[in-house]
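Raw model28.txt, compact mmCIF, C-alpha atoms and all ligand atoms:
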# COMPACT_ATOMS: atom_id res chain seq x y z
CA MET S 7 -20.74 -35.96 -4.36
CA PRO S 8 -20.29 -39.47 -2.87
CA VAL S 9 -20.73 -39.73 0.88
CA ASP S 10 -18.34 -41.66 3.05
CA ALA S 11 -19.81 -44.96 4.38
CA SER S 12 -19.33 -44.11 8.06
CA LEU S 13 -20.98 -40.73 7.58
CA LEU S 14 -23.87 -42.50 5.85
CA LEU S 15 -24.30 -44.74 8.86
CA ASP S 16 -24.33 -41.66 11.11
CA ILE S 17 -27.04 -40.13 8.94
CA ALA S 18 -29.03 -43.39 8.93
CA ARG S 19 -28.83 -43.44 12.75
CA ARG S 20 -30.67 -40.13 12.86
CA PHE S 21 -33.75 -41.96 11.49
CA GLN S 22 -35.83 -44.61 13.30
CA VAL S 23 -33.99 -47.53 11.70
CA LEU S 24 -34.26 -50.57 13.93
CA GLY S 25 -31.44 -53.00 14.73
CA ASP S 26 -27.65 -52.79 14.37
CA LEU S 27 -26.49 -50.87 11.35
CA LEU S 28 -24.30 -53.04 9.14
CA SER S 29 -23.70 -51.21 5.87
CA ALA S 30 -24.71 -48.36 3.59
CA VAL S 31 -23.96 -48.50 -0.14
CA PRO S 32 -24.96 -46.51 -3.25
CA TYR S 33 -28.03 -47.88 -5.01
CA GLY S 34 -30.08 -47.49 -8.20
CA THR S 35 -29.64 -45.59 -11.44
CA GLY S 36 -31.72 -42.43 -10.84
CA HIS S 37 -30.41 -39.28 -12.50
CA ILE S 38 -31.29 -36.79 -9.78
CA ASN S 39 -31.06 -37.83 -6.12
CA ASP S 40 -28.30 -39.75 -4.30
CA THR S 41 -29.73 -43.09 -3.24
CA TYR S 42 -28.26 -45.60 -0.77
CA VAL S 43 -29.38 -48.87 0.70
CA VAL S 44 -28.78 -49.28 4.41
CA THR S 45 -28.75 -52.76 5.94
CA CYS S 46 -29.44 -53.44 9.61
CA ASP S 47 -29.26 -56.61 11.62
CA GLN S 48 -32.60 -57.17 13.36
CA ALA S 49 -32.26 -60.21 15.63
CA GLY S 50 -30.11 -62.03 13.08
CA GLU S 51 -32.22 -61.00 10.07
CA PRO S 52 -30.94 -58.40 7.58
CA VAL S 53 -33.44 -55.57 7.14
CA ARG S 54 -32.98 -52.88 4.50
CA TYR S 55 -33.87 -49.21 4.29
CA LEU S 56 -33.64 -46.77 1.42
CA LEU S 57 -31.76 -43.60 2.35
CA GLN S 58 -31.80 -40.67 -0.04
CA ARG S 59 -30.21 -37.28 -0.24
CA LEU S 60 -32.51 -35.00 -2.14
CA ASN S 61 -30.97 -32.91 -4.88
CA THR S 62 -31.79 -29.46 -3.54
CA LYS S 63 -30.24 -27.69 -6.53
CA ILE S 64 -33.12 -29.15 -8.52
CA PHE S 65 -35.78 -29.38 -5.82
CA LYS S 66 -35.45 -25.92 -4.35
CA THR S 67 -38.34 -26.24 -1.89
CA PRO S 68 -37.64 -29.61 -0.26
CA ARG S 69 -39.93 -29.07 2.74
CA GLY S 70 -42.92 -28.44 0.48
CA LEU S 71 -41.92 -31.49 -1.52
CA MET S 72 -41.82 -33.67 1.60
CA LYS S 73 -45.19 -32.34 2.69
CA ASN S 74 -46.58 -33.46 -0.69
CA ILE S 75 -45.13 -36.94 -0.21
CA GLU S 76 -46.58 -37.20 3.31
CA GLU S 77 -50.00 -36.10 2.07
CA VAL S 78 -50.02 -38.35 -0.96
CA THR S 79 -48.69 -41.48 0.73
CA GLY S 80 -51.02 -40.82 3.71
CA HIS S 81 -54.03 -40.57 1.42
CA ILE S 82 -53.17 -43.76 -0.45
CA ARG S 83 -52.34 -45.68 2.73
CA GLY S 84 -55.66 -44.64 4.29
CA LYS S 85 -57.55 -45.94 1.28
CA LEU S 86 -55.65 -49.20 1.12
CA LYS S 87 -56.23 -49.70 4.86
CA ARG S 88 -59.95 -49.24 4.39
CA GLN S 89 -59.75 -51.81 1.60
CA GLY S 90 -58.22 -54.30 4.05
CA GLU S 91 -54.50 -53.82 3.34
CA PRO S 92 -53.10 -52.38 6.60
CA PHE S 93 -49.44 -53.28 6.06
CA THR S 94 -49.00 -52.76 2.40
CA ARG S 95 -46.03 -52.64 0.02
CA ARG S 96 -48.22 -50.73 -2.39
CA VAL S 97 -47.25 -47.31 -1.09
CA LEU S 98 -43.94 -45.82 0.05
CA THR S 99 -43.47 -45.56 3.82
CA LEU S 100 -41.36 -42.71 5.19
CA VAL S 101 -39.27 -43.46 8.26
CA PRO S 102 -39.33 -40.55 10.74
CA LEU S 103 -36.32 -39.16 12.58
CA ALA S 104 -35.41 -40.99 15.78
CA ASP S 105 -36.01 -37.95 18.00
CA SER S 106 -39.17 -36.49 16.40
CA GLY S 107 -42.00 -37.33 14.05
CA VAL S 108 -40.40 -35.29 11.27
CA CYS S 109 -39.79 -37.28 8.09
CA PHE S 110 -36.65 -35.58 6.84
CA LEU S 111 -33.27 -34.42 8.02
CA ASP S 112 -32.41 -30.88 6.95
CA ASP S 113 -28.84 -30.17 7.95
CA PRO S 114 -26.74 -27.25 6.68
CA GLU S 115 -23.68 -29.49 6.33
CA LEU S 116 -25.10 -32.93 5.57
CA GLY S 117 -27.83 -31.80 3.21
CA PHE S 118 -31.47 -32.83 2.96
CA TRP S 119 -32.15 -36.50 3.67
CA ARG S 120 -35.08 -38.86 3.94
CA CYS S 121 -35.48 -42.56 4.56
CA TYR S 122 -38.04 -45.10 3.31
CA LEU S 123 -38.80 -48.67 4.22
CA PHE S 124 -37.16 -50.81 1.53
CA ILE S 125 -39.68 -52.57 -0.67
CA GLU S 126 -38.53 -56.18 -0.77
CA GLY S 127 -39.40 -58.87 -3.29
CA ALA S 128 -39.77 -56.37 -6.12
CA ARG S 129 -37.51 -54.43 -8.43
CA THR S 130 -37.32 -51.70 -11.05
CA TYR S 131 -36.15 -52.14 -14.65
CA ASP S 132 -34.19 -49.60 -16.68
CA VAL S 133 -35.04 -51.42 -19.92
CA ILE S 134 -38.01 -53.73 -19.99
CA GLU S 135 -38.15 -56.86 -22.08
CA ARG S 136 -41.70 -58.20 -21.96
CA VAL S 137 -45.02 -56.64 -22.87
CA GLU S 138 -46.48 -57.95 -19.60
CA GLN S 139 -44.06 -55.66 -17.75
CA ALA S 140 -45.26 -52.66 -19.77
CA PHE S 141 -48.87 -53.58 -19.05
CA GLU S 142 -48.25 -53.97 -15.30
CA ALA S 143 -46.22 -50.78 -15.01
CA ALA S 144 -48.84 -48.72 -16.84
CA LYS S 145 -51.62 -50.27 -14.79
CA ALA S 146 -49.76 -49.33 -11.58
CA PHE S 147 -49.20 -45.72 -12.69
CA GLY S 148 -52.85 -45.53 -13.76
CA ALA S 149 -54.01 -46.95 -10.43
CA PHE S 150 -51.78 -44.46 -8.59
CA GLN S 151 -53.59 -41.64 -10.37
CA SER S 152 -56.97 -43.10 -9.63
CA LEU S 153 -56.12 -43.56 -5.94
CA LEU S 154 -55.40 -39.83 -5.84
CA ALA S 155 -58.46 -38.77 -7.84
CA ASP S 156 -60.44 -38.02 -4.66
CA TYR S 157 -57.57 -36.34 -2.78
CA GLU S 158 -58.97 -33.35 -0.95
CA GLY S 159 -56.09 -32.47 1.38
CA PRO S 160 -54.01 -29.29 1.23
CA SER S 161 -53.17 -28.25 -2.32
CA LEU S 162 -49.99 -29.85 -3.51
CA HIS S 163 -46.93 -27.75 -3.86
CA GLU S 164 -45.45 -27.33 -7.36
CA THR S 165 -42.03 -28.87 -6.74
CA ILE S 166 -40.58 -27.85 -10.12
CA PRO S 167 -42.54 -25.06 -11.82
CA ASP S 168 -43.62 -25.72 -15.42
CA PHE S 169 -42.09 -29.18 -15.29
CA HIS S 170 -43.93 -30.42 -18.39
CA HIS S 171 -44.45 -27.07 -20.10
CA THR S 172 -42.77 -28.23 -23.31
CA PRO S 173 -42.71 -24.83 -25.09
CA LYS S 174 -40.79 -23.44 -22.10
CA ARG S 175 -38.39 -26.39 -22.38
CA LEU S 176 -37.85 -25.46 -26.02
CA ALA S 177 -37.32 -21.82 -25.04
CA ALA S 178 -34.69 -23.00 -22.52
CA LEU S 179 -32.93 -24.87 -25.33
CA LYS S 180 -32.93 -21.75 -27.51
CA ALA S 181 -31.46 -19.74 -24.63
CA ALA S 182 -28.76 -22.38 -24.12
CA VAL S 183 -27.89 -22.30 -27.83
CA ALA S 184 -27.65 -18.51 -27.72
CA GLU S 185 -25.43 -18.61 -24.65
CA ASP S 186 -23.42 -21.69 -25.68
CA PRO S 187 -21.05 -21.29 -22.73
CA LEU S 188 -18.80 -24.22 -23.68
CA GLY S 189 -18.86 -23.89 -27.45
CA ARG S 190 -20.71 -27.19 -27.76
CA ALA S 191 -23.49 -26.01 -30.09
CA ARG S 192 -21.31 -26.57 -33.17
CA ASP S 193 -21.19 -30.33 -32.37
CA CYS S 194 -24.93 -30.66 -32.45
CA GLU S 195 -26.37 -28.40 -35.10
CA ALA S 196 -28.57 -31.15 -36.57
CA ASP S 197 -29.93 -32.05 -33.12
CA ILE S 198 -30.75 -28.42 -32.37
CA LEU S 199 -32.51 -28.12 -35.73
CA PHE S 200 -34.48 -31.29 -35.01
CA ALA S 201 -35.78 -29.74 -31.79
CA LEU S 202 -36.52 -26.32 -33.32
CA GLU S 203 -38.46 -27.83 -36.22
CA ARG S 204 -40.86 -29.48 -33.80
CA ALA S 205 -42.13 -26.32 -32.10
CA PRO S 206 -45.72 -27.21 -33.14
CA LEU S 207 -45.42 -30.61 -31.43
CA ALA S 208 -44.11 -28.88 -28.28
CA GLY S 209 -47.33 -26.89 -27.99
CA ARG S 210 -49.84 -29.72 -28.47
CA LEU S 211 -50.66 -30.66 -24.88
CA VAL S 212 -50.37 -27.23 -23.27
CA GLY S 213 -52.59 -26.01 -26.13
CA LEU S 214 -55.28 -28.58 -25.31
CA GLN S 215 -55.01 -27.68 -21.65
CA ALA S 216 -55.32 -23.95 -22.34
CA GLU S 217 -58.48 -24.61 -24.38
CA GLY S 218 -59.91 -26.50 -21.42
CA ALA S 219 -60.09 -29.70 -23.47
CA ILE S 220 -58.02 -31.80 -21.06
CA PRO S 221 -58.17 -31.60 -17.27
CA GLU S 222 -55.48 -31.20 -14.69
CA ARG S 223 -55.30 -34.10 -12.22
CA ILE S 224 -52.84 -35.18 -9.56
CA THR S 225 -50.22 -36.95 -11.60
CA HIS S 226 -46.81 -38.47 -11.02
CA ASN S 227 -44.93 -36.55 -13.72
CA ASP S 228 -41.86 -38.82 -13.81
CA THR S 229 -43.31 -42.14 -14.94
CA LYS S 230 -40.16 -43.63 -16.36
CA LEU S 231 -40.30 -47.37 -16.01
CA ASN S 232 -37.71 -47.51 -13.25
CA ASN S 233 -40.03 -45.49 -11.04
CA VAL S 234 -42.39 -48.41 -10.53
CA MET S 235 -41.52 -51.62 -8.73
CA LEU S 236 -42.65 -54.94 -10.17
CA ASP S 237 -43.05 -58.06 -8.04
CA ASP S 238 -40.18 -60.55 -8.45
CA ALA S 239 -42.45 -63.57 -8.35
CA THR S 240 -45.59 -62.48 -10.22
CA GLY S 241 -44.35 -59.49 -12.26
CA ALA S 242 -47.34 -57.46 -11.02
CA GLY S 243 -46.94 -53.76 -10.31
CA VAL S 244 -46.28 -53.35 -6.59
CA CYS S 245 -45.48 -49.74 -5.84
CA VAL S 246 -45.03 -46.42 -7.60
CA ILE S 247 -41.92 -44.69 -6.27
CA ASP S 248 -39.95 -41.46 -6.81
CA LEU S 249 -42.77 -39.16 -5.73
CA ASP S 250 -40.79 -35.89 -5.88
CA THR S 251 -42.76 -34.57 -8.84
CA VAL S 252 -46.25 -35.65 -7.78
CA MET S 253 -48.34 -32.52 -8.29
CA PRO S 254 -51.13 -31.27 -10.51
CA GLY S 255 -50.43 -32.23 -14.12
CA LEU S 256 -51.75 -33.99 -17.20
CA SER S 257 -52.55 -37.70 -17.46
CA LEU S 258 -51.16 -37.59 -20.99
CA CYS S 259 -47.76 -36.52 -19.65
CA ASP S 260 -47.70 -39.58 -17.40
CA PHE S 261 -48.65 -41.79 -20.32
CA GLY S 262 -46.18 -40.16 -22.71
CA ASP S 263 -43.24 -40.64 -20.38
CA MET S 264 -44.06 -44.35 -20.13
CA VAL S 265 -44.03 -44.56 -23.92
CA ARG S 266 -40.65 -42.85 -23.90
CA THR S 267 -39.16 -45.55 -21.72
CA ALA S 268 -41.11 -48.71 -22.59
CA CYS S 269 -41.17 -48.36 -26.38
CA ASN S 270 -37.44 -47.70 -26.59
CA PRO S 271 -35.73 -50.99 -27.49
CA LEU S 272 -32.39 -49.46 -26.42
CA ALA S 273 -31.03 -47.98 -23.22
CA GLU S 274 -31.82 -44.26 -22.92
CA ASP S 275 -28.19 -43.30 -23.63
CA ASP S 276 -27.35 -45.91 -26.29
CA PRO S 277 -25.44 -44.02 -29.00
CA ASP S 278 -26.08 -46.69 -31.67
CA THR S 279 -29.49 -45.51 -32.77
CA SER S 280 -29.35 -47.41 -36.08
CA ARG S 281 -31.39 -50.10 -34.32
CA MET S 282 -34.02 -47.68 -33.03
CA VAL S 283 -37.50 -48.94 -33.89
CA ALA S 284 -40.19 -47.90 -31.42
CA ARG S 285 -41.98 -50.98 -30.12
CA GLY S 286 -45.65 -51.03 -31.06
CA ASP S 287 -46.35 -54.10 -28.95
CA MET S 288 -45.13 -52.22 -25.88
CA PHE S 289 -47.27 -49.22 -26.80
CA GLU S 290 -50.37 -51.37 -27.02
CA ALA S 291 -49.62 -53.01 -23.67
CA LEU S 292 -49.06 -49.61 -22.04
CA ALA S 293 -52.31 -48.22 -23.39
CA SER S 294 -54.23 -51.24 -22.27
CA GLY S 295 -52.66 -51.21 -18.76
CA TYR S 296 -53.13 -47.46 -18.35
CA LEU S 297 -56.78 -47.54 -19.39
CA GLN S 298 -57.36 -50.37 -16.94
CA GLY S 299 -55.46 -48.67 -14.10
CA THR S 300 -57.19 -45.32 -14.54
CA GLY S 301 -60.52 -47.16 -14.51
CA GLY S 302 -62.31 -45.30 -17.29
CA ALA S 303 -61.31 -41.82 -16.09
CA LEU S 304 -59.64 -40.76 -19.34
CA LEU S 305 -61.77 -38.56 -21.60
CA PRO S 306 -62.15 -39.40 -25.30
CA VAL S 307 -59.91 -36.45 -26.20
CA GLU S 308 -57.20 -37.85 -23.92
CA ARG S 309 -57.48 -41.29 -25.48
CA GLU S 310 -57.16 -39.73 -28.94
CA HIS S 311 -53.87 -38.11 -27.91
CA LEU S 312 -52.12 -41.13 -26.42
CA VAL S 313 -49.96 -41.53 -29.53
CA VAL S 314 -49.02 -37.84 -29.71
CA ALA S 315 -48.25 -37.82 -25.98
CA GLY S 316 -45.56 -40.46 -26.52
CA GLN S 317 -43.92 -38.39 -29.24
CA LEU S 318 -44.19 -35.21 -27.21
CA LEU S 319 -42.77 -36.47 -23.92
CA THR S 320 -39.90 -38.18 -25.72
CA TYR S 321 -39.22 -34.96 -27.58
CA GLU S 322 -39.39 -32.95 -24.35
CA CYS S 323 -36.91 -35.21 -22.59
CA GLY S 324 -34.52 -35.15 -25.56
CA THR S 325 -34.73 -31.36 -25.57
CA ARG S 326 -33.92 -31.28 -21.85
CA PHE S 327 -30.91 -33.60 -22.33
CA LEU S 328 -29.63 -31.45 -25.19
CA THR S 329 -30.04 -28.25 -23.16
CA ASP S 330 -28.15 -29.80 -20.27
CA TYR S 331 -25.35 -30.91 -22.62
CA LEU S 332 -25.00 -27.36 -23.95
CA LEU S 333 -24.98 -25.89 -20.45
CA GLY S 334 -22.29 -28.27 -19.16
CA ASP S 335 -24.20 -31.24 -17.69
CA THR S 336 -25.36 -29.59 -14.50
CA TYR S 337 -28.82 -31.19 -14.17
CA PHE S 338 -28.80 -34.88 -15.14
CA ARG S 339 -26.13 -37.03 -13.53
CA THR S 340 -23.61 -38.20 -16.14
CA HIS S 341 -21.05 -40.98 -15.99
CA ARG S 342 -19.06 -40.16 -19.13
CA PRO S 343 -18.40 -37.20 -21.44
CA ALA S 344 -21.17 -36.41 -23.95
CA GLN S 345 -23.59 -38.80 -22.25
CA ASN S 346 -26.31 -36.15 -22.31
CA LEU S 347 -25.73 -35.65 -26.04
CA ASP S 348 -26.06 -39.42 -26.56
CA ARG S 349 -29.24 -39.36 -24.50
CA ALA S 350 -30.65 -36.48 -26.56
CA ARG S 351 -29.83 -38.22 -29.86
CA ASN S 352 -31.30 -41.47 -28.61
CA GLN S 353 -34.54 -39.71 -27.62
CA PHE S 354 -34.75 -37.84 -30.93
CA ALA S 355 -34.23 -41.10 -32.84
CA LEU S 356 -37.11 -42.53 -30.86
CA VAL S 357 -39.26 -39.50 -31.72
CA ARG S 358 -38.53 -40.09 -35.43
CA SER S 359 -39.53 -43.71 -35.14
CA LEU S 360 -42.69 -42.88 -33.16
CA GLU S 361 -43.64 -40.29 -35.77
CA SER S 362 -43.06 -42.64 -38.70
CA GLN S 363 -45.26 -45.28 -37.07
CA GLU S 364 -48.03 -42.93 -35.98
CA GLU S 365 -50.76 -44.57 -38.07
CA ALA S 366 -49.75 -48.06 -37.01
CA PHE S 367 -49.77 -47.04 -33.34
CA MET S 368 -53.21 -45.44 -33.73
CA GLY S 369 -54.41 -48.68 -35.28
CA ARG S 370 -53.12 -50.70 -32.36
CA ILE S 371 -55.27 -48.86 -29.86
CA ARG S 372 -58.35 -48.26 -32.01
CA ASN S 373 -60.18 -51.12 -30.37
CA LEU S 374 -59.01 -50.21 -26.89
CA VAL S 375 -60.13 -46.60 -26.85
P1 LIG F 1 -34.15 -40.72 -8.45
O1 LIG F 1 -35.03 -39.55 -8.17
O2 LIG F 1 -32.72 -40.35 -8.40
O3 LIG F 1 -34.54 -41.41 -9.72
P2 LIG F 1 -35.54 -42.87 -7.00
O4 LIG F 1 -36.41 -42.45 -5.87
O5 LIG F 1 -36.20 -43.25 -8.27
O6 LIG F 1 -34.40 -41.75 -7.24
O7 LIG F 1 -34.66 -44.10 -6.46
C1 LIG F 1 -33.62 -44.68 -7.25
C2 LIG F 1 -33.84 -46.19 -7.33
O8 LIG F 1 -33.84 -46.75 -5.99
C3 LIG F 1 -35.17 -46.63 -7.93
O9 LIG F 1 -35.13 -46.72 -9.34
C4 LIG F 1 -35.40 -47.98 -7.27
O10 LIG F 1 -34.70 -49.01 -7.96
C5 LIG F 1 -34.77 -47.82 -5.89
N1 LIG F 1 -35.77 -47.49 -4.84
C6 LIG F 1 -36.28 -46.27 -4.55
N2 LIG F 1 -37.12 -46.33 -3.49
C7 LIG F 1 -37.14 -47.64 -3.09
C8 LIG F 1 -37.79 -48.35 -2.00
N3 LIG F 1 -38.57 -47.74 -1.11
N4 LIG F 1 -37.55 -49.69 -1.90
C9 LIG F 1 -36.72 -50.32 -2.78
N5 LIG F 1 -36.07 -49.69 -3.79
C10 LIG F 1 -36.27 -48.38 -3.96
C1 LIG F 2 -35.07 -37.85 -14.25
O1 LIG F 2 -35.22 -38.89 -11.26
P1 LIG F 2 -35.29 -39.81 -12.43
O2 LIG F 2 -33.96 -40.37 -12.83
O3 LIG F 2 -36.37 -40.86 -12.17
C2 LIG F 2 -35.95 -36.62 -14.44
C3 LIG F 2 -37.10 -36.95 -15.39
C4 LIG F 2 -36.53 -37.39 -16.73
C5 LIG F 2 -35.61 -38.59 -16.49
C6 LIG F 2 -34.91 -39.01 -17.76
C7 LIG F 2 -36.97 -34.57 -11.47
O4 LIG F 2 -35.82 -38.89 -13.65
O5 LIG F 2 -37.91 -35.81 -15.59
O6 LIG F 2 -37.57 -37.76 -17.61
O7 LIG F 2 -34.59 -38.29 -15.51
N1 LIG F 2 -36.47 -36.19 -13.14
C8 LIG F 2 -36.46 -34.89 -12.81
O8 LIG F 2 -34.37 -40.27 -17.60
O9 LIG F 2 -36.06 -34.01 -13.56
MG MG F 3 -36.26 -42.43 -10.19

Any chance you could put this one into structure tokens?
Amino acid sequence: MPVDASLLLDIARRFQVLGDLLSAVPYGTGHINDTYVVTCDQAGEPVRYLLQRLNTKIFKTPRGLMKNIEEVTGHIRGKLKRQGEPFTRRVLTLVPLADSGVCFLDDPELGFWRCYLFIEGARTYDVIERVEQAFEAAKAFGAFQSLLADYEGPSLHETIPDFHHTPKRLAALKAAVAEDPLGRARDCEADILFALERAPLAGRLVGLQAEGAIPERITHNDTKLNNVMLDDATGAGVCVIDLDTVMPGLSLCDFGDMVRTACNPLAEDDPDTSRMVARGDMFEALASGYLQGTGGALLPVEREHLVVAGQLLTYECGTRFLTDYLLGDTYFRTHRPAQNLDRARNQFALVRSLESQEEAFMGRIRNLV
């Protein structure tokens, strides 16, 4: 639900934003939260803040989520400070409320809000064009994980239970097909079949985890490419953002979700999938950046599953889009009818292309791993 500009300014005023408030406008292309950029005049200079209303239908325990973000950003900031970077753009900075040190506004009428310093001189990309961008993004997500490898603070809260438990995502699709509240299943029988046929793929990573073959680490869990900011001038990864799903998880899920976004030559919802050919050059750049960023932490068994992880996370996301389409588009924000179905078909076309190029992708990273 859009928020009126003057109300937005009132909400922004509740946080320690400095200077005269000038404007507040919607910002970004995230599917979940409502994001706004707030501009203030500070002695003649425009200064921006990022104001967000958290989607509490999806994030049902927002206080636990904010505690995670405080812990994680505090840990990373402490480390960067010790490395000689006291005022860094490399980690998100929460702005507290004006009348307390609390970093969120929880209001029964206004909703649940938070505010960050705006990271200037950098941007996110919905579709990336150059392999250097894939390399830098993967390196930044890998470095994020390695900065958190020695986190010993309070255990992180699970903000969405079973977020990357793919068999449960498939079970949710089956339940949606059985319920079919809007009679949409008949429009997408082939898509449903595509998902059902890949039940063995769905179980690959949770299977490895259950066997104890791959470890749980603190991971980001939503590593789509527009959740990392790249420097405008140098193209280097600056800051990993969208920390709502940072919690214990699998490194391969973080890698797979990057494959899903970087190897797709099309926008995530492009219905013309005739041009869908997964980009091997992007895959190679991602693998190389991720291995560098994680600094040798990945086990051989994880390296061997980098290709499968890309297929799996793309499949998982397509399954989630399809489920949401069947249930009436209540989870992912949509801007047109059947957008979630287009997204699902686009993701499944990418899965097909990733599967058909499996050997070639393995070959591309043989010398890296
Ligand atoms: P969502 O959960 O809805 O995806 P994000 O936290 O990813 O929301 O924010 C949406 C977009 O806003 C991002 O893709 C990015 O472009 C921008 N953004 C988020 N945080 C910042 C920040 N601190 N500084 C600058 N831009 C930001
Ligand atoms: C959502 O929040 P955003 O837009 O960065 C979703 C991801 C999906 C992605 C698909 C909390 O990411 O899991 O992969 O859309 N985030 C959540 O584009 O569900
Ligand atoms: Mg995002």

Task: Which of S:Ala143, S:Leu202, S:Cys46, S:Ile247 sits closest to ligand MG 3 (chain F) [using only C-alpha atoms and all ligand atoms] - done: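 Answer, going by the shortest atom-to-atom distance: S:Ile247.
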
- [ ] Extract, using all atoms listed in the file, all DNA, RNA and protein residues at most 7 Å from Ala355 in chain S, discarding same-chain residues fewer than 3 positions from it, and format them as an MDAnalysis selection string.
- [x] chainID S and resid 279 282 351:352 358:359

Please identify the residues whose atoms come within 10 Å of ligand LIG 1 (chain F), using all atoms listed in the file, and report them as a CSV table (one decimal) with C-alpha atoms, in the frame of the given file.
chain,number,residue,atom,x,y,z
S,32,PRO,CA,-25.0,-46.5,-3.2
S,33,TYR,CA,-28.0,-47.9,-5.0
S,34,GLY,CA,-30.1,-47.5,-8.2
S,35,THR,CA,-29.6,-45.6,-11.4
S,36,GLY,CA,-31.7,-42.4,-10.8
S,37,HIS,CA,-30.4,-39.3,-12.5
S,38,ILE,CA,-31.3,-36.8,-9.8
S,39,ASN,CA,-31.1,-37.8,-6.1
S,40,ASP,CA,-28.3,-39.8,-4.3
S,41,THR,CA,-29.7,-43.1,-3.2
S,42,TYR,CA,-28.3,-45.6,-0.8
S,43,VAL,CA,-29.4,-48.9,0.7
S,54,ARG,CA,-33.0,-52.9,4.5
S,55,TYR,CA,-33.9,-49.2,4.3
S,56,LEU,CA,-33.6,-46.8,1.4
S,57,LEU,CA,-31.8,-43.6,2.4
S,58,GLN,CA,-31.8,-40.7,0.0
S,59,ARG,CA,-30.2,-37.3,-0.2
S,60,LEU,CA,-32.5,-35.0,-2.1
S,61,ASN,CA,-31.0,-32.9,-4.9
S,95,ARG,CA,-46.0,-52.6,0.0
S,97,VAL,CA,-47.2,-47.3,-1.1
S,98,LEU,CA,-43.9,-45.8,0.0
S,99,THR,CA,-43.5,-45.6,3.8
S,100,LEU,CA,-41.4,-42.7,5.2
S,121,CYS,CA,-35.5,-42.6,4.6
S,122,TYR,CA,-38.0,-45.1,3.3
S,123,LEU,CA,-38.8,-48.7,4.2
S,124,PHE,CA,-37.2,-50.8,1.5
S,125,ILE,CA,-39.7,-52.6,-0.7
S,126,GLU,CA,-38.5,-56.2,-0.8
S,127,GLY,CA,-39.4,-58.9,-3.3
S,128,ALA,CA,-39.8,-56.4,-6.1
S,129,ARG,CA,-37.5,-54.4,-8.4
S,130,THR,CA,-37.3,-51.7,-11.0
S,131,TYR,CA,-36.2,-52.1,-14.6
S,132,ASP,CA,-34.2,-49.6,-16.7
S,228,ASP,CA,-41.9,-38.8,-13.8
S,229,THR,CA,-43.3,-42.1,-14.9
S,230,LYS,CA,-40.2,-43.6,-16.4
S,231,LEU,CA,-40.3,-47.4,-16.0
S,232,ASN,CA,-37.7,-47.5,-13.2
S,233,ASN,CA,-40.0,-45.5,-11.0
S,234,VAL,CA,-42.4,-48.4,-10.5
S,235,MET,CA,-41.5,-51.6,-8.7
S,245,CYS,CA,-45.5,-49.7,-5.8
S,246,VAL,CA,-45.0,-46.4,-7.6
S,247,ILE,CA,-41.9,-44.7,-6.3
S,248,ASP,CA,-40.0,-41.5,-6.8
S,249,LEU,CA,-42.8,-39.2,-5.7
S,250,ASP,CA,-40.8,-35.9,-5.9
S,251,THR,CA,-42.8,-34.6,-8.8
S,338,PHE,CA,-28.8,-34.9,-15.1
S,339,ARG,CA,-26.1,-37.0,-13.5

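Of the listed residues (S:Glu364, S:Glu195, S:Gly299, S:Leu24), S:Leu24 comes nearest to Ala104 in chain S; the distances count all atoms listed in the file.
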
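Shortest atom-to-atom contact with ligand MG 3 (chain F) among S:His163, S:His226, S:Arg281, S:Arg192: S:His226, counting all atoms listed in the file.
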
Open item on the list: Would you compute the distance between CA of Arg309 in chain S and CA of Gly262 in chain S? Give it in Å to one decimal.
Closed with: 11.7 Å

Task: Best match for closeness to Pro254 in chain S among S:Leu162, S:Leu179, S:Ala303, S:Leu297, counting all atoms listed in the file - done: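 Residue with the minimum atom-to-atom distance to Pro254 in chain S: S:Leu162.
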
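Each of S:Phe93, S:Phe261, S:Phe118, S:Phe65 was checked against ligand LIG 2 (chain F) using only C-alpha atoms and all ligand atoms; the smallest atom-to-atom distance is that of S:Phe65.
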
- [ ] Considering only C-alpha atoms and all ligand atoms, state which residue in the set S:Ser161, S:Asn227, S:Phe354, S:Val53 is at the smallest distance from ligand MG 3 (chain F).
- [x] S:Asn227

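Taking CA of Ala219 in chain S and CA of Val307 in chain S as the two end points, the separation is 7.3 Å.
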
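CA of Val357 in chain S lies 6.2 Å from CA of Thr320 in chain S.
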
TODO: Dig up all the protein and nucleic acid residues within 12 Å of (-37.4, -32.8, -21.1) in the file frame, using all atoms listed in the file, and format them as a ChimeraX atom specification.
DONE: /S:168-179,201,208,227-228,259,262-263,266,317-330,337-338,346,349-350,353-354

- [ ] May I have the residues within 7 Å of range 285-294 of chain S as a list in words, using only C-alpha atoms and disregarding those fewer than 6 positions away in the same chain?
- [x]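 The residues that qualify are Val137, Ala140, Phe141, Ala144, Val265, Ala268, Cys269, Asn270, Pro271, Phe367, Arg370, Ile371 and Leu374 of chain S.
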
Could you list, as a JSON list (two decimals) with C-alpha atoms, keeping the file's coordinate frame, every residue within 10 Å of Asp186 in chain S, counting all atoms listed in the file and ignoring same-chain residues fewer than 2 positions away?
[["chain", "number", "residue", "atom", "x", "y", "z"],
["S", 180, "LYS", "CA", -32.93, -21.75, -27.51],
["S", 181, "ALA", "CA", -31.46, -19.74, -24.63],
["S", 182, "ALA", "CA", -28.76, -22.38, -24.12],
["S", 183, "VAL", "CA", -27.89, -22.30, -27.83],
["S", 184, "ALA", "CA", -27.65, -18.51, -27.72],
["S", 188, "LEU", "CA", -18.80, -24.22, -23.68],
["S", 189, "GLY", "CA", -18.86, -23.89, -27.45],
["S", 190, "ARG", "CA", -20.71, -27.19, -27.76],
["S", 191, "ALA", "CA", -23.49, -26.01, -30.09],
["S", 192, "ARG", "CA", -21.31, -26.57, -33.17],
["S", 329, "THR", "CA", -30.04, -28.25, -23.16],
["S", 331, "TYR", "CA", -25.35, -30.91, -22.62],
["S", 332, "LEU", "CA", -25.00, -27.36, -23.95],
["S", 333, "LEU", "CA", -24.98, -25.89, -20.45],
["S", 334, "GLY", "CA", -22.29, -28.27, -19.16]]
